[in-house]
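Trainee: Please find input_20.json (JSON, C-alpha atoms) on the next line:
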[["chain", "number", "residue", "atom", "x", "y", "z"],
["A", 1, "MET", "CA", 71.61, 150.52, -17.40],
["A", 2, "ASN", "CA", 70.34, 152.11, -14.17],
["A", 3, "MET", "CA", 68.89, 148.76, -13.11],
["A", 4, "ASN", "CA", 72.32, 147.13, -13.62],
["A", 5, "ARG", "CA", 74.00, 149.82, -11.52],
["A", 6, "ASP", "CA", 71.50, 149.42, -8.70],
["A", 7, "LEU", "CA", 71.93, 145.65, -8.79],
["A", 8, "PHE", "CA", 75.70, 146.01, -8.87],
["A", 9, "TRP", "CA", 75.83, 148.32, -5.85],
["A", 10, "SER", "CA", 73.46, 146.09, -3.92],
["A", 11, "LEU", "CA", 75.84, 143.17, -4.55],
["A", 12, "VAL", "CA", 79.00, 145.18, -3.76],
["A", 13, "GLU", "CA", 77.79, 146.86, -0.58],
["A", 14, "PRO", "CA", 78.10, 143.83, 1.77],
["A", 15, "GLU", "CA", 81.66, 143.21, 0.51],
["A", 16, "HIS", "CA", 82.80, 146.82, 0.16],
["A", 17, "ARG", "CA", 84.92, 147.20, 3.31],
["A", 18, "ARG", "CA", 86.48, 143.75, 3.17],
["A", 19, "ALA", "CA", 87.21, 144.02, -0.54],
["A", 20, "ARG", "CA", 88.83, 147.44, -0.19],
["A", 21, "ALA", "CA", 90.93, 146.18, 2.76],
["A", 22, "PHE", "CA", 91.93, 143.14, 0.69],
["A", 23, "CYS", "CA", 93.17, 145.39, -2.13],
["A", 24, "ARG", "CA", 95.15, 147.46, 0.35],
["A", 25, "LYS", "CA", 96.77, 144.33, 1.76],
["A", 26, "LEU", "CA", 97.64, 143.06, -1.69],
["A", 27, "THR", "CA", 99.33, 146.26, -2.76],
["A", 28, "GLY", "CA", 100.90, 147.07, 0.58],
["A", 29, "ASN", "CA", 99.60, 150.60, 0.97],
["A", 30, "ARG", "CA", 96.40, 152.59, 1.10],
["A", 31, "ASP", "CA", 96.71, 154.65, -2.08],
["A", 32, "ASP", "CA", 97.66, 151.82, -4.41],
["A", 33, "GLY", "CA", 95.04, 149.60, -2.75],
["A", 34, "ASP", "CA", 92.33, 152.18, -3.32],
["A", 35, "ASP", "CA", 93.42, 152.53, -6.96],
["A", 36, "LEU", "CA", 93.28, 148.76, -7.37],
["A", 37, "TYR", "CA", 89.85, 148.64, -5.76],
["A", 38, "GLN", "CA", 88.57, 151.42, -8.02],
["A", 39, "SER", "CA", 89.86, 149.66, -11.14],
["A", 40, "SER", "CA", 88.29, 146.41, -9.99],
["A", 41, "LEU", "CA", 84.94, 148.10, -9.39],
["A", 42, "VAL", "CA", 84.93, 149.53, -12.91],
["A", 43, "LYS", "CA", 85.81, 146.14, -14.42],
["A", 44, "ALA", "CA", 83.17, 144.40, -12.35],
["A", 45, "LEU", "CA", 80.47, 146.94, -13.24],
["A", 46, "THR", "CA", 81.20, 146.65, -16.94],
["A", 47, "GLY", "CA", 81.32, 142.85, -16.76],
["A", 48, "LEU", "CA", 78.23, 142.37, -14.61],
["A", 49, "SER", "CA", 76.08, 141.45, -17.60],
["A", 50, "GLY", "CA", 78.29, 138.39, -18.13],
["A", 51, "LEU", "CA", 77.66, 137.09, -14.60],
["A", 52, "ARG", "CA", 74.90, 134.52, -14.87],
["A", 53, "ASP", "CA", 74.62, 133.38, -11.27],
["A", 54, "ARG", "CA", 74.40, 136.24, -8.77],
["A", 55, "THR", "CA", 75.12, 133.87, -5.87],
["A", 56, "VAL", "CA", 78.78, 133.62, -6.95],
["A", 57, "PHE", "CA", 79.26, 137.40, -7.08],
["A", 58, "ARG", "CA", 81.68, 137.43, -4.17],
["A", 59, "THR", "CA", 84.14, 134.94, -5.65],
["A", 60, "TRP", "CA", 83.72, 136.52, -9.11],
["A", 61, "PHE", "CA", 84.51, 139.97, -7.70],
["A", 62, "TYR", "CA", 87.59, 138.75, -5.81],
["A", 63, "ARG", "CA", 88.82, 137.00, -8.95],
["A", 64, "ILE", "CA", 88.55, 140.36, -10.75],
["A", 65, "MET", "CA", 90.57, 142.04, -7.99],
["A", 66, "ILE", "CA", 93.30, 139.40, -8.16],
["A", 67, "ASN", "CA", 93.48, 139.55, -11.96],
["A", 68, "THR", "CA", 93.60, 143.35, -11.88],
["A", 69, "PHE", "CA", 96.42, 143.13, -9.34],
["A", 70, "LYS", "CA", 98.29, 140.69, -11.61],
["A", 71, "ASN", "CA", 98.02, 143.21, -14.44],
["A", 72, "HIS", "CA", 99.30, 145.98, -12.16],
["A", 73, "LEU", "CA", 102.32, 143.87, -11.19],
["A", 74, "ARG", "CA", 103.28, 143.53, -14.83],
["A", 75, "ASN", "CA", 103.81, 147.27, -14.90],
["A", 76, "ARG", "CA", 107.47, 147.91, -13.96],
["A", 77, "GLU", "CA", 106.86, 151.23, -12.21],
["A", 78, "TYR", "CA", 104.27, 149.65, -9.95],
["A", 79, "ARG", "CA", 106.57, 146.75, -9.13],
["A", 80, "ARG", "CA", 109.36, 149.14, -8.09],
["A", 81, "SER", "CA", 107.12, 151.11, -5.73],
["A", 82, "GLU", "CA", 105.50, 148.05, -4.17],
["A", 83, "THR", "CA", 105.84, 147.74, -0.39],
["A", 84, "ILE", "CA", 104.56, 145.40, 2.28],
["A", 85, "ASN", "CA", 101.62, 146.19, 4.51],
["A", 86, "ARG", "CA", 102.24, 148.19, 7.67],
["A", 87, "PRO", "CA", 100.06, 145.82, 9.78],
["A", 88, "PHE", "CA", 102.48, 142.98, 8.91],
["A", 89, "GLU", "CA", 105.37, 145.10, 10.12],
["A", 90, "GLU", "CA", 103.67, 146.11, 13.35],
["A", 91, "ASN", "CA", 102.57, 142.58, 14.21],
["A", 92, "LEU", "CA", 106.05, 141.18, 13.74],
["A", 93, "ALA", "CA", 108.19, 143.99, 15.01],
["A", 94, "GLY", "CA", 106.53, 145.45, 18.09],
["A", 95, "ASP", "CA", 107.50, 148.98, 19.11],
["A", 96, "ASN", "CA", 111.18, 149.02, 18.17],
["A", 97, "PRO", "CA", 111.66, 150.83, 14.80],
["A", 98, "ARG", "CA", 114.75, 148.77, 14.01],
["A", 99, "ASN", "CA", 112.79, 145.57, 14.45],
["A", 100, "ARG", "CA", 109.99, 147.01, 12.32],
["A", 101, "TYR", "CA", 112.41, 147.74, 9.46],
["A", 102, "ALA", "CA", 113.95, 144.28, 9.77],
["A", 103, "ALA", "CA", 110.51, 142.64, 9.77],
["A", 104, "ARG", "CA", 109.44, 144.70, 6.77],
["A", 105, "TYR", "CA", 112.60, 143.71, 4.91],
["A", 106, "ARG", "CA", 112.08, 140.02, 5.63],
["A", 107, "LEU", "CA", 108.41, 140.06, 4.68],
["A", 108, "GLU", "CA", 109.09, 141.92, 1.44],
["A", 109, "LYS", "CA", 111.65, 139.24, 0.64],
["A", 110, "ALA", "CA", 109.13, 136.49, 1.39],
["A", 111, "PHE", "CA", 106.39, 138.08, -0.70],
["A", 112, "ARG", "CA", 108.79, 138.78, -3.57],
["A", 113, "VAL", "CA", 108.99, 135.06, -4.36],
["A", 114, "LEU", "CA", 105.21, 134.87, -4.87],
["A", 115, "GLY", "CA", 103.24, 135.62, -7.98],
["A", 116, "ALA", "CA", 100.20, 137.87, -7.82],
["A", 117, "GLU", "CA", 97.70, 135.01, -7.65],
["A", 118, "ASP", "CA", 99.64, 133.23, -4.90],
["A", 119, "ARG", "CA", 99.92, 136.47, -2.94],
["A", 120, "GLY", "CA", 96.18, 136.97, -3.30],
["A", 121, "LEU", "CA", 95.47, 133.41, -2.22],
["A", 122, "ILE", "CA", 97.64, 133.53, 0.92],
["A", 123, "THR", "CA", 96.25, 136.97, 1.81],
["A", 124, "LEU", "CA", 92.65, 135.80, 1.49],
["A", 125, "PHE", "CA", 93.33, 132.70, 3.58],
["A", 126, "GLU", "CA", 95.64, 134.02, 6.28],
["A", 127, "LEU", "CA", 94.51, 137.62, 6.66],
["A", 128, "GLU", "CA", 90.95, 137.72, 5.39],
["A", 129, "GLY", "CA", 89.89, 134.42, 6.93],
["A", 130, "TRP", "CA", 88.46, 132.77, 3.82],
["A", 131, "ARG", "CA", 87.73, 129.07, 4.16],
["A", 132, "ILE", "CA", 89.31, 126.47, 1.90],
["A", 133, "ALA", "CA", 85.93, 125.81, 0.24],
["A", 134, "GLU", "CA", 85.58, 129.49, -0.68],
["A", 135, "LEU", "CA", 89.09, 129.57, -2.14],
["A", 136, "ALA", "CA", 88.37, 126.39, -4.09],
["A", 137, "ALA", "CA", 85.29, 128.03, -5.59],
["A", 138, "LEU", "CA", 87.30, 131.15, -6.40],
["A", 139, "LEU", "CA", 89.99, 129.18, -8.22],
["A", 140, "GLY", "CA", 87.68, 126.54, -9.69],
["A", 141, "ARG", "CA", 89.77, 123.80, -8.07],
["A", 142, "ARG", "CA", 89.22, 121.02, -5.55],
["A", 143, "GLU", "CA", 89.73, 121.75, -1.86],
["A", 144, "GLY", "CA", 92.66, 119.34, -1.67],
["A", 145, "ALA", "CA", 94.42, 121.16, -4.50],
["A", 146, "VAL", "CA", 93.94, 124.48, -2.69],
["A", 147, "LYS", "CA", 95.41, 123.04, 0.52],
["A", 148, "VAL", "CA", 98.44, 121.76, -1.39],
["A", 149, "ARG", "CA", 98.89, 125.12, -3.09],
["A", 150, "LEU", "CA", 98.71, 127.00, 0.22],
["A", 151, "SER", "CA", 101.25, 124.63, 1.68],
["A", 152, "ARG", "CA", 103.61, 125.20, -1.26],
["A", 153, "ILE", "CA", 103.16, 128.97, -1.00],
["A", 154, "ARG", "CA", 104.06, 128.88, 2.68],
["A", 155, "GLY", "CA", 107.05, 126.68, 1.88],
["A", 156, "ARG", "CA", 108.36, 129.14, -0.71],
["A", 157, "MET", "CA", 107.92, 131.99, 1.77],
["A", 158, "ARG", "CA", 109.70, 130.03, 4.52],
["A", 159, "ALA", "CA", 112.57, 129.21, 2.15],
["A", 160, "ALA", "CA", 112.92, 132.88, 1.19],
["A", 161, "LEU", "CA", 112.99, 133.84, 4.86],
["A", 162, "ALA", "CA", 115.42, 131.06, 5.74],
["A", 163, "GLU", "CA", 117.92, 132.36, 3.17],
["A", 164, "GLY", "CA", 118.19, 135.52, 5.23],
["A", 165, "LEU", "CA", 117.93, 133.89, 8.64],
["A", 166, "VAL", "CA", 120.36, 136.42, 10.03],
["A", 167, "PRO", "CA", 118.99, 139.74, 8.77],
["A", 168, "PRO", "CA", 121.44, 142.36, 7.53],
["A", 169, "ASP", "CA", 122.59, 145.15, 9.78],
["A", 170, "PRO", "CA", 119.53, 147.22, 10.79],
["A", 171, "GLU", "CA", 121.29, 150.42, 9.71],
["A", 172, "GLU", "CA", 121.69, 149.00, 6.18],
["A", 173, "ILE", "CA", 118.03, 147.97, 6.13],
["A", 174, "ILE", "CA", 116.99, 151.48, 7.15],
["A", 175, "LYS", "CA", 119.14, 152.99, 4.39],
["A", 176, "MET", "CA", 117.73, 150.55, 1.86],
["A", 177, "LEU", "CA", 114.11, 151.21, 2.79],
["A", 178, "THR", "CA", 114.47, 154.98, 2.99],
["A", 179, "GLY", "CA", 116.33, 155.15, -0.32],
["A", 180, "GLU", "CA", 119.55, 156.53, 1.14],
["A", 181, "ASN", "CA", 121.75, 153.89, -0.49],
["A", 182, "LYS", "CA", 120.32, 154.10, -4.02],
["A", 183, "THR", "CA", 122.85, 155.00, -6.68],
["A", 184, "CYS", "CA", 121.91, 157.92, -8.87],
["A", 185, "VAL", "CA", 121.04, 156.70, -12.37],
["A", 186, "ALA", "CA", 122.69, 159.79, -13.91],
["A", 187, "ALA", "CA", 125.92, 159.11, -12.02],
["A", 188, "LYS", "CA", 125.91, 155.50, -13.25],
["A", 189, "SER", "CA", 125.50, 156.55, -16.88],
["A", 190, "GLU", "CA", 128.32, 159.12, -16.63],
["A", 191, "LYS", "CA", 130.74, 156.44, -15.42],
["A", 192, "ASN", "CA", 130.00, 154.21, -18.42]]
Go ahead and render the structure in this file as C-alpha cells.

Mentor:
Amino acid sequence: MNMNRDLFWSLVEPEHRRARAFCRKLTGNRDDGDDLYQSSLVKALTGLSGLRDRTVFRTWFYRIMINTFKNHLRNREYRRSETINRPFEENLAGDNPRNRYAARYRLEKAFRVLGAEDRGLITLFELEGWRIAELAALLGRREGAVKVRLSRIRGRMRAALAEGLVPPDPEEIIKMLTGENKTCVAAKSEKN
C-alpha cells in the first residue's frame, strides 16, 4: 500500500496546483473548491489500482474531479450555496462594486444553464488552457465533437446572458446577492 501512495503522490504532484485551482473555479469559492479537491484526491487514491496506463493519469484525475463535482451539484444544499468565481467578477467588472455585482449576477445566470460536465469542460478550455486534443482524451470523444460541444456550451451561455441584456437595477442585484431580499421561510409558512 505504501508503494501505491508514493506512486500516487508522484503522479499528483505536477498537477497539484492546477487541479486545486480548477476545483476552486468549478465551485466558485476557495472552501468548496478545497473540499472538492480533497474528495477527488481520496477517490483517486482508492481507485489508483484500476488505472492501467499511468500516462493518462492527468485526464483520469480530472475526470474524477468533474464526476465528484457532478455528485456535489446533486446535493440541494450545495446547489443553493454555489457562487461564481471572484476572478470572473473582477475581470468583467473592474473597480466599481456595482459593476462587479452586475457581472457576478450575469455570470451566475450564464453558468446556471450548464450542467456540471459542461461547466467543467468550458472551465478547462477557457480558463485552464487545455487543448482540444486533451479534452477529447478526457471525454473519450473525437476532437470535432468536443469543438461542437464547446460551441453549443458557449451558445447556451450567450442565450442566457442575452435574456438579461439589460441587467436589473444594481441595488436589487446587491440585495439579492447579500441576502437582504430573501423571504423568511418561517414567515411564509405562517401565512399559509

Trainee: Please list, as a count of residues only, the residues that have an atom at most 10 Å away from (113.6, 139.4, 2.0) in the coordinates of this file, counting only C-alpha atoms.

Mentor: 20

Trainee: Between A:Leu48, A:Ile132, A:Ala116, A:Ile153, single out the one closest to Leu11 of chain A, counting only C-alpha atoms.

Mentor: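 Among A:Leu48, A:Ile132, A:Ala116, A:Ile153, it is A:Leu48 that comes nearest to Leu11 of chain A.
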
Trainee: Find the smallest box with edges along x, y and z containing every listed atom of segment 144-156 of chain A, then add 3 Å on each side and report centre and edge lengths in Å to one decimal, as JSON.

Mentor:
{"center_x": 100.5, "center_y": 124.2, "center_z": -0.9, "size_x": 21.7, "size_y": 15.8, "size_z": 13.2}

Trainee: Excluding Phe22 of chain A and residues on its chain fewer than 2 positions from it, collect all residues at most 12 Å away from it, counting all atoms listed in the file, and give them as a VMD selection string.

Mentor: chain A and resid 15 to 20 24 to 30 32 to 34 36 to 37 40 61 to 63 65 to 66 69 85 119 to 130

Trainee: Which residue, A:Arg5, A:Arg152, A:Arg74, A:Arg142, has the smallest gap to Gly47 of chain A when you use only C-alpha atoms?

Mentor: A:Arg5

Trainee: Kindly give the distance, in Å, that separates atom CA of Asn67 of chain A and atom CA of Arg158 of chain A, rounded to a single decimal.

Mentor: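 Atom CA of Arg158 of chain A lies at a distance of 25.0 Å from atom CA of Asn67 of chain A.
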
Trainee: When distances are computed from all atoms listed in the file, which of A:Phe8, A:Asp35, A:Leu114, A:Leu41 shows the smallest separation from Arg154 of chain A?

Mentor: A:Leu114

Trainee: How many Å lie between atom CA of Asp6 of chain A and atom CA of Leu139 of chain A, rounded to one decimal?

Mentor: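 Between atom CA of Asp6 of chain A and atom CA of Leu139 of chain A the gap works out to 27.4 Å.
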
Trainee: Which value, in Å to one decimal, gives the distance between atom CA of Cys23 of chain A and atom CA of Thr59 of chain A?

Mentor: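 Straight-line distance from atom CA of Cys23 of chain A to atom CA of Thr59 of chain A works out to 14.3 Å.
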